[in-house]
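Participant: I'd like to ask you about the structure that follows.
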Amino acid sequence: MTAPVQLEGKHEVKASKLLATLALAGAGAGFLIVFVWSWTQPIIQAYKAEQLRLAVQEVLGEPDHFDTLYVYEGALVKDLPTGVDGTALEQVFLGYAAGGERIGFAVAYGEPGFQDIVRVIFGYDRAGQQVLGMKVLESKETPGLGDKIEKDTSFVNQFSGASAPLLGVKAREATGDPHEIDMITGATISSRVVIRIINSTVERLGPLMDAYTGQVARGDTGGTR
Amino acid sequence: MSPRETTAQVDFFRGVWKENPVIIQMLGLCPALAVTNTVANSLAMGFATFFVLTGSSLLVSLTKKWVPSEVRIPTFILIIATFVTVADMSLEALVPVIHKQLGAFVALIVVNCMILSRQEAFASKRPVGRSLLDAFGTGVGFIIAMVMMGSVREVLGNGTLLGYSLFGPNFEPWVIFILPPGGFLTLGFWLLFFNWWQKLREERAKVREWPDGVAAPVEGRAA
């Protein structure tokens, strides 16, 4: 059976034994965590990459292929100089149709929402100043209210074809202007965040997109597979 | 003093119902209030806690002879934290959608006093088999309580059960039930119900103690 509980002061336990116990427990815990980390990490990274790829496909309307561009030293570049880690840089995806025509740019960006950071990816046709589609990548908005920004299809679908900059309006005040997005009743803050993310990103990266397309037109780089 | 002898059945069912960690012992209320807005979230949190509890109880019971009592609490916490980290990573790899919804609450299993209390009160003093039975029972009891909370909140607050719509598009959900106050309200209603039920059972048992034809004394009145 089990040993009785030791009462304080009944016997002395060497400090070295206490240290050794904790050190062994810590080492065992460390080994187990490292083992599980090395098993799960590739799966987690692969899932994230796949989710991003699917999101780019979705917001650009199933392009034939897309290029990954990096925001590097105030410009969009396709090929980074050697030694620069692309994973640490902001990425922009440029989608192409089967014939090689540019469809638009897809950008993922996050801003604080009602509960936590809301991260959104959207497709944007710079030439037509038009949003092509929007998808929420990450959000911890209130279930049943704020999370409608990703679950309410009538809200999500409005972004396809809307003209930038977007303007959030209450449903009853809508006039049919292509800049208008009807906000969700009861989730105004979350709706505004999505609109703000798209507007601020377009404003910030729009000139970079123009510069890049100009560069392509001059024949510097192109939409290669 | 050696621990009181109990049967395996008692060890298991005690945690499931008679000493249910949430409904009776009022332990683990943080996840029970925070992540029970849908049944799927409740189940995921319930199973993650079940895994951490059984893993920790197994290890604590296995190593009890070698862990000096002076460092037992830090050792228990270390063991629990390790299993929580394993559960967190595994959930993220295997069910990323649910992991995303549970957010920070998976990591907070480590401070769920229900788990530490089972280690201190049971697993560190009993053989492995008994400790595992106790952990299974308590874990199942926790899952039951979580699903009880989650089902009420999801049905009333969203009109769905496990994502399936129950009342059609005309149902106006009681959104408060999926918001934080809904957690407190639901828990309050369940506790009210169980206390009322317990009282009813006690009164019925009292009536049964009296022979046929003799009315049981009513409180505050002479028999």
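Residues in the structure tokens are named by chain (A, B, ... in the order shown) and by number from 1 within that chain; ligands are numbered from 1 in the order shown.
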What are the closest atom pairs, with distances in Å to one decimal, for all residues of chain B lying within 8 Å of chain A? Consider only C-alpha atoms, order rows by chain and residue number, and present the result as JSON lines.

Facilitator:
```
{"residue": "B:Met1", "atom": "CA", "partner": "A:Pro4", "partner_atom": "CA", "distance": 6.2}
{"residue": "B:Ser2", "atom": "CA", "partner": "A:Pro4", "partner_atom": "CA", "distance": 6.0}
{"residue": "B:Asn37", "atom": "CA", "partner": "A:Pro143", "partner_atom": "CA", "distance": 7.6}
{"residue": "B:Lys65", "atom": "CA", "partner": "A:Ala3", "partner_atom": "CA", "distance": 8.0}
{"residue": "B:Trp66", "atom": "CA", "partner": "A:Thr21", "partner_atom": "CA", "distance": 7.9}
{"residue": "B:Val67", "atom": "CA", "partner": "A:Thr21", "partner_atom": "CA", "distance": 6.5}
{"residue": "B:Pro68", "atom": "CA", "partner": "A:Leu18", "partner_atom": "CA", "distance": 6.9}
{"residue": "B:Ser69", "atom": "CA", "partner": "A:Gln6", "partner_atom": "CA", "distance": 7.2}
{"residue": "B:Glu70", "atom": "CA", "partner": "A:Leu18", "partner_atom": "CA", "distance": 7.6}
{"residue": "B:Val71", "atom": "CA", "partner": "A:Leu18", "partner_atom": "CA", "distance": 6.5}
{"residue": "B:Pro74", "atom": "CA", "partner": "A:Leu22", "partner_atom": "CA", "distance": 7.9}
{"residue": "B:Thr75", "atom": "CA", "partner": "A:Leu22", "partner_atom": "CA", "distance": 6.6}
{"residue": "B:Leu78", "atom": "CA", "partner": "A:Gly26", "partner_atom": "CA", "distance": 7.1}
{"residue": "B:Ile79", "atom": "CA", "partner": "A:Ala29", "partner_atom": "CA", "distance": 7.0}
{"residue": "B:Thr82", "atom": "CA", "partner": "A:Ala29", "partner_atom": "CA", "distance": 5.7}
{"residue": "B:Thr85", "atom": "CA", "partner": "A:Ile33", "partner_atom": "CA", "distance": 7.0}
{"residue": "B:Val86", "atom": "CA", "partner": "A:Ile33", "partner_atom": "CA", "distance": 6.4}
{"residue": "B:Met89", "atom": "CA", "partner": "A:Thr40", "partner_atom": "CA", "distance": 6.4}
{"residue": "B:Ser90", "atom": "CA", "partner": "A:Thr40", "partner_atom": "CA", "distance": 6.5}
{"residue": "B:Glu92", "atom": "CA", "partner": "A:Ile44", "partner_atom": "CA", "distance": 6.7}
{"residue": "B:Ala93", "atom": "CA", "partner": "A:Ile44", "partner_atom": "CA", "distance": 5.1}
{"residue": "B:Gln101", "atom": "CA", "partner": "A:Lys140", "partner_atom": "CA", "distance": 7.1}
{"residue": "B:Gly103", "atom": "CA", "partner": "A:Lys140", "partner_atom": "CA", "distance": 7.8}
{"residue": "B:Lys125", "atom": "CA", "partner": "A:Thr2", "partner_atom": "CA", "distance": 5.9}
{"residue": "B:Arg126", "atom": "CA", "partner": "A:Thr2", "partner_atom": "CA", "distance": 6.0}
{"residue": "B:Pro127", "atom": "CA", "partner": "A:Thr2", "partner_atom": "CA", "distance": 7.0}
{"residue": "B:Gly157", "atom": "CA", "partner": "A:Gly144", "partner_atom": "CA", "distance": 7.7}
{"residue": "B:Asn158", "atom": "CA", "partner": "A:Gly144", "partner_atom": "CA", "distance": 6.6}
{"residue": "B:Val175", "atom": "CA", "partner": "A:Gly144", "partner_atom": "CA", "distance": 6.8}
{"residue": "B:Ile178", "atom": "CA", "partner": "A:Pro143", "partner_atom": "CA", "distance": 6.7}
{"residue": "B:Leu179", "atom": "CA", "partner": "A:Thr142", "partner_atom": "CA", "distance": 7.2}
```

Participant: Put those residues in a file: C-alpha atoms, as a CSV table (one decimal), in the first residue's frame.

Facilitator:
```
chain,number,residue,atom,x,y,z
B,1,MET,CA,-3.1,7.4,8.7
B,2,SER,CA,-3.6,5.3,5.6
B,37,ASN,CA,-20.4,28.7,-25.9
B,65,LYS,CA,7.8,7.0,-4.0
B,66,TRP,CA,10.7,9.0,-5.5
B,67,VAL,CA,9.3,12.5,-5.1
B,68,PRO,CA,10.0,14.0,-1.7
B,69,SER,CA,6.9,15.7,-0.2
B,70,GLU,CA,8.8,19.0,0.1
B,71,VAL,CA,8.9,19.4,-3.7
B,74,PRO,CA,6.3,22.0,-8.0
B,75,THR,CA,6.7,18.5,-9.4
B,78,LEU,CA,5.7,20.6,-13.8
B,79,ILE,CA,4.0,17.4,-14.8
B,82,THR,CA,4.1,19.4,-19.6
B,85,THR,CA,1.8,21.8,-23.6
B,86,VAL,CA,1.6,18.4,-25.2
B,89,MET,CA,0.5,21.4,-29.6
B,90,SER,CA,-1.4,18.2,-30.5
B,92,GLU,CA,-3.1,22.7,-32.9
B,93,ALA,CA,-1.7,20.0,-35.2
B,101,GLN,CA,-11.5,28.7,-31.0
B,103,GLY,CA,-7.6,30.3,-27.8
B,125,LYS,CA,-1.3,8.6,-2.1
B,126,ARG,CA,-2.9,5.7,-4.1
B,127,PRO,CA,-1.7,2.9,-6.4
B,157,GLY,CA,-27.7,31.4,-27.9
B,158,ASN,CA,-27.3,30.3,-31.5
B,175,VAL,CA,-27.3,36.1,-27.9
B,178,ILE,CA,-23.1,32.8,-25.9
B,179,LEU,CA,-21.7,35.9,-24.3
```

Participant: Could you pull out the helix (DSSP H, G or I) residues of range 2-224 of chain A, going by DSSP on the backbone, and write them as number ranges by chain?

Facilitator: A: 15-59, 86-88, 148-151, 153-157, 171-173, 188-217

Participant: Filtering to C-alpha atoms, could you give me those residues as a tab-separated table (two decimals), in the first residue's frame?

Facilitator:
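Result file again_13.tsv:
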```tsv
chain	number	residue	atom	x	y	z
A	15	ALA	CA	18.89	19.54	-0.51
A	16	SER	CA	20.72	17.64	-3.23
A	17	LYS	CA	17.84	15.14	-3.43
A	18	LEU	CA	15.29	17.92	-3.79
A	19	LEU	CA	17.40	19.55	-6.49
A	20	ALA	CA	17.95	16.25	-8.29
A	21	THR	CA	14.20	15.49	-8.24
A	22	LEU	CA	13.27	18.83	-9.75
A	23	ALA	CA	16.13	18.68	-12.26
A	24	LEU	CA	15.10	15.21	-13.40
A	25	ALA	CA	11.44	16.21	-13.64
A	26	GLY	CA	12.43	19.32	-15.63
A	27	ALA	CA	14.68	17.35	-17.98
A	28	GLY	CA	11.96	14.74	-18.55
A	29	ALA	CA	9.40	17.46	-19.26
A	30	GLY	CA	11.83	19.15	-21.65
A	31	PHE	CA	12.48	15.95	-23.60
A	32	LEU	CA	8.77	15.20	-23.95
A	33	ILE	CA	7.95	18.74	-25.09
A	34	VAL	CA	10.78	18.79	-27.64
A	35	PHE	CA	9.69	15.40	-28.96
A	36	VAL	CA	6.06	16.50	-29.39
A	37	TRP	CA	7.15	19.88	-30.82
A	38	SER	CA	9.29	18.21	-33.48
A	39	TRP	CA	6.34	15.98	-34.38
A	40	THR	CA	3.64	18.68	-34.48
A	41	GLN	CA	5.57	21.69	-35.85
A	42	PRO	CA	5.86	20.49	-39.49
A	43	ILE	CA	2.14	19.61	-39.47
A	44	ILE	CA	1.20	23.04	-38.05
A	45	GLN	CA	3.40	24.94	-40.53
A	46	ALA	CA	2.13	22.89	-43.47
A	47	TYR	CA	-1.47	23.54	-42.41
A	48	LYS	CA	-0.84	27.30	-42.13
A	49	ALA	CA	0.85	27.43	-45.54
A	50	GLU	CA	-2.00	25.46	-47.12
A	51	GLN	CA	-4.62	27.68	-45.49
A	52	LEU	CA	-2.85	30.77	-46.83
A	53	ARG	CA	-2.59	29.26	-50.32
A	54	LEU	CA	-6.31	28.40	-50.31
A	55	ALA	CA	-7.17	31.88	-49.04
A	56	VAL	CA	-5.13	33.51	-51.84
A	57	GLN	CA	-6.93	31.29	-54.37
A	58	GLU	CA	-10.29	32.24	-52.88
A	59	VAL	CA	-9.86	36.02	-52.72
A	86	GLY	CA	11.53	36.29	-46.68
A	87	THR	CA	9.46	34.75	-43.89
A	88	ALA	CA	10.11	37.80	-41.69
A	148	LYS	CA	-20.29	36.97	-38.36
A	149	ILE	CA	-17.54	38.88	-40.20
A	150	GLU	CA	-16.35	35.44	-41.33
A	151	LYS	CA	-19.53	33.36	-41.08
A	153	THR	CA	-21.93	35.07	-46.25
A	154	SER	CA	-24.05	38.11	-47.14
A	155	PHE	CA	-21.48	40.34	-45.39
A	156	VAL	CA	-18.45	38.54	-46.87
A	157	ASN	CA	-19.87	38.46	-50.41
A	171	ALA	CA	-28.04	48.47	-43.86
A	172	ARG	CA	-31.00	50.89	-43.80
A	173	GLU	CA	-28.79	53.79	-44.92
A	188	THR	CA	-20.35	47.26	-35.93
A	189	ILE	CA	-16.87	47.34	-34.39
A	190	SER	CA	-15.84	44.05	-36.03
A	191	SER	CA	-17.32	45.12	-39.38
A	192	ARG	CA	-15.47	48.44	-39.22
A	193	VAL	CA	-12.18	46.66	-38.49
A	194	VAL	CA	-12.41	44.64	-41.71
A	195	ILE	CA	-13.16	47.79	-43.71
A	196	ARG	CA	-10.36	49.71	-41.96
A	197	ILE	CA	-7.83	46.94	-42.66
A	198	ILE	CA	-8.64	46.96	-46.37
A	199	ASN	CA	-8.64	50.77	-46.67
A	200	SER	CA	-5.40	51.28	-44.75
A	201	THR	CA	-3.62	48.47	-46.60
A	202	VAL	CA	-4.72	49.79	-49.99
A	203	GLU	CA	-3.50	53.26	-49.00
A	204	ARG	CA	-0.18	51.93	-47.70
A	205	LEU	CA	0.63	49.38	-50.40
A	206	GLY	CA	-1.22	50.89	-53.38
A	207	PRO	CA	1.75	53.03	-54.52
A	208	LEU	CA	4.06	50.01	-54.15
A	209	MET	CA	1.71	47.96	-56.33
A	210	ASP	CA	1.74	50.73	-58.97
A	211	ALA	CA	5.52	50.86	-58.87
A	212	TYR	CA	5.78	47.10	-59.25
A	213	THR	CA	3.35	46.90	-62.18
A	214	GLY	CA	5.26	49.77	-63.82
A	215	GLN	CA	8.45	47.82	-63.33
A	216	VAL	CA	6.88	44.72	-64.92
A	217	ALA	CA	5.63	46.79	-67.86
```

Participant: List every residue of range 22-178 of chain A that DSSP, applied to the backbone, labels as strand (DSSP E or B), and write the result as an NGL selection string.

Facilitator: :A and (65-72 or 75-77 or 91-96 or 102-112 or 117-125 or 130-138 or 163 or 167-169)

Participant: Mind checking which residues fall within 9 Å of range 162-166 of chain B, counting only C-alpha atoms, ignoring those fewer than 3 positions away in the same chain, and posting them as a list in words?

Facilitator: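 Selected residues are Thr38, Val39, Ala40, Ser151, Glu154, Val155, Asn158, Gly159, Pro169 and Phe171 of chain B.
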
Participant: Next, dump the selected residues to file, keeping only N, CA and C atoms, as an mmCIF file, in the first residue's frame.

Facilitator:
```cif
data_model
loop_
_atom_site.group_PDB
_atom_site.id
_atom_site.type_symbol
_atom_site.label_atom_id
_atom_site.label_comp_id
_atom_site.auth_asym_id
_atom_site.auth_seq_id
_atom_site.Cartn_x
_atom_site.Cartn_y
_atom_site.Cartn_z
ATOM 1 N N THR B 38 -20.157 26.758 -27.303
ATOM 2 C CA THR B 38 -20.666 25.754 -28.240
ATOM 3 C C THR B 38 -20.321 24.358 -27.698
ATOM 4 N N VAL B 39 -21.066 23.364 -28.153
ATOM 5 C CA VAL B 39 -20.828 21.987 -27.680
ATOM 6 C C VAL B 39 -19.457 21.495 -28.169
ATOM 7 N N ALA B 40 -19.085 21.858 -29.410
ATOM 8 C CA ALA B 40 -17.797 21.398 -29.949
ATOM 9 C C ALA B 40 -16.646 21.926 -29.095
ATOM 10 N N SER B 151 -24.339 22.717 -24.316
ATOM 11 C CA SER B 151 -25.548 22.437 -25.090
ATOM 12 C C SER B 151 -26.613 23.508 -24.826
ATOM 13 N N GLU B 154 -25.404 26.798 -26.547
ATOM 14 C CA GLU B 154 -25.440 26.805 -28.015
ATOM 15 C C GLU B 154 -26.886 26.781 -28.530
ATOM 16 N N VAL B 155 -27.736 25.963 -27.890
ATOM 17 C CA VAL B 155 -29.130 25.862 -28.362
ATOM 18 C C VAL B 155 -29.845 27.204 -28.190
ATOM 19 N N ASN B 158 -27.581 30.282 -30.047
ATOM 20 C CA ASN B 158 -27.288 30.252 -31.482
ATOM 21 C C ASN B 158 -28.338 29.477 -32.274
ATOM 22 N N GLY B 159 -29.195 28.757 -31.556
ATOM 23 C CA GLY B 159 -30.245 27.975 -32.234
ATOM 24 C C GLY B 159 -29.715 26.725 -32.907
ATOM 25 N N PRO B 169 -34.651 29.237 -39.811
ATOM 26 C CA PRO B 169 -34.136 30.600 -39.937
ATOM 27 C C PRO B 169 -34.921 31.659 -39.168
ATOM 28 N N PHE B 171 -35.818 31.582 -36.068
ATOM 29 C CA PHE B 171 -35.495 31.614 -34.635
ATOM 30 C C PHE B 171 -34.609 32.820 -34.331
#
```

Participant: Of the candidates A:Gly95, A:Gly113, A:Gly161, A:Gly219, which shows the shortest atom-to-atom distance to Leu69 in chain A, using only C-alpha atoms?

Facilitator: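 Checking each of A:Gly95, A:Gly113, A:Gly161, A:Gly219 against Leu69 in chain A, counting only C-alpha atoms, the winner is A:Gly95.
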
Participant: What separation in Å, quoted to one decimal, exists between CA of Ile117 in chain A and CA of Glu90 in chain A?

Facilitator: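 Distance between the two atoms: 16.4 Å.
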
Participant: So that I can check the surroundings of Gln9 in chain B, please list as a PDB file with C-alpha atoms, in the first residue's frame every protein, DNA and RNA residue that reaches within 10 Å of it, counting only C-alpha atoms and ignoring chain neighbours fewer than 2 positions away.

Facilitator:
```
ATOM      1  CA  THR B   6     -12.844   2.353  -1.431  1.00  0.00           C
ATOM      2  CA  THR B   7     -13.899   0.073  -4.255  1.00  0.00           C
ATOM      3  CA  ASP B  11     -13.318   5.626  -7.239  1.00  0.00           C
ATOM      4  CA  PHE B  12     -14.675   5.977 -10.762  1.00  0.00           C
ATOM      5  CA  PHE B  13     -18.263   7.097 -10.184  1.00  0.00           C
ATOM      6  CA  ARG B  14     -17.448   9.533  -7.374  1.00  0.00           C
ATOM      7  CA  ARG B 130      -6.915   3.497  -8.474  1.00  0.00           C
ATOM      8  CA  LEU B 133      -9.850   5.245 -12.217  1.00  0.00           C
ATOM      9  CA  ASP B 134     -10.238   8.396 -10.152  1.00  0.00           C
ATOM     10  CA  GLY B 137     -14.130   9.431 -13.361  1.00  0.00           C
TER      11      GLY B 137
END
```
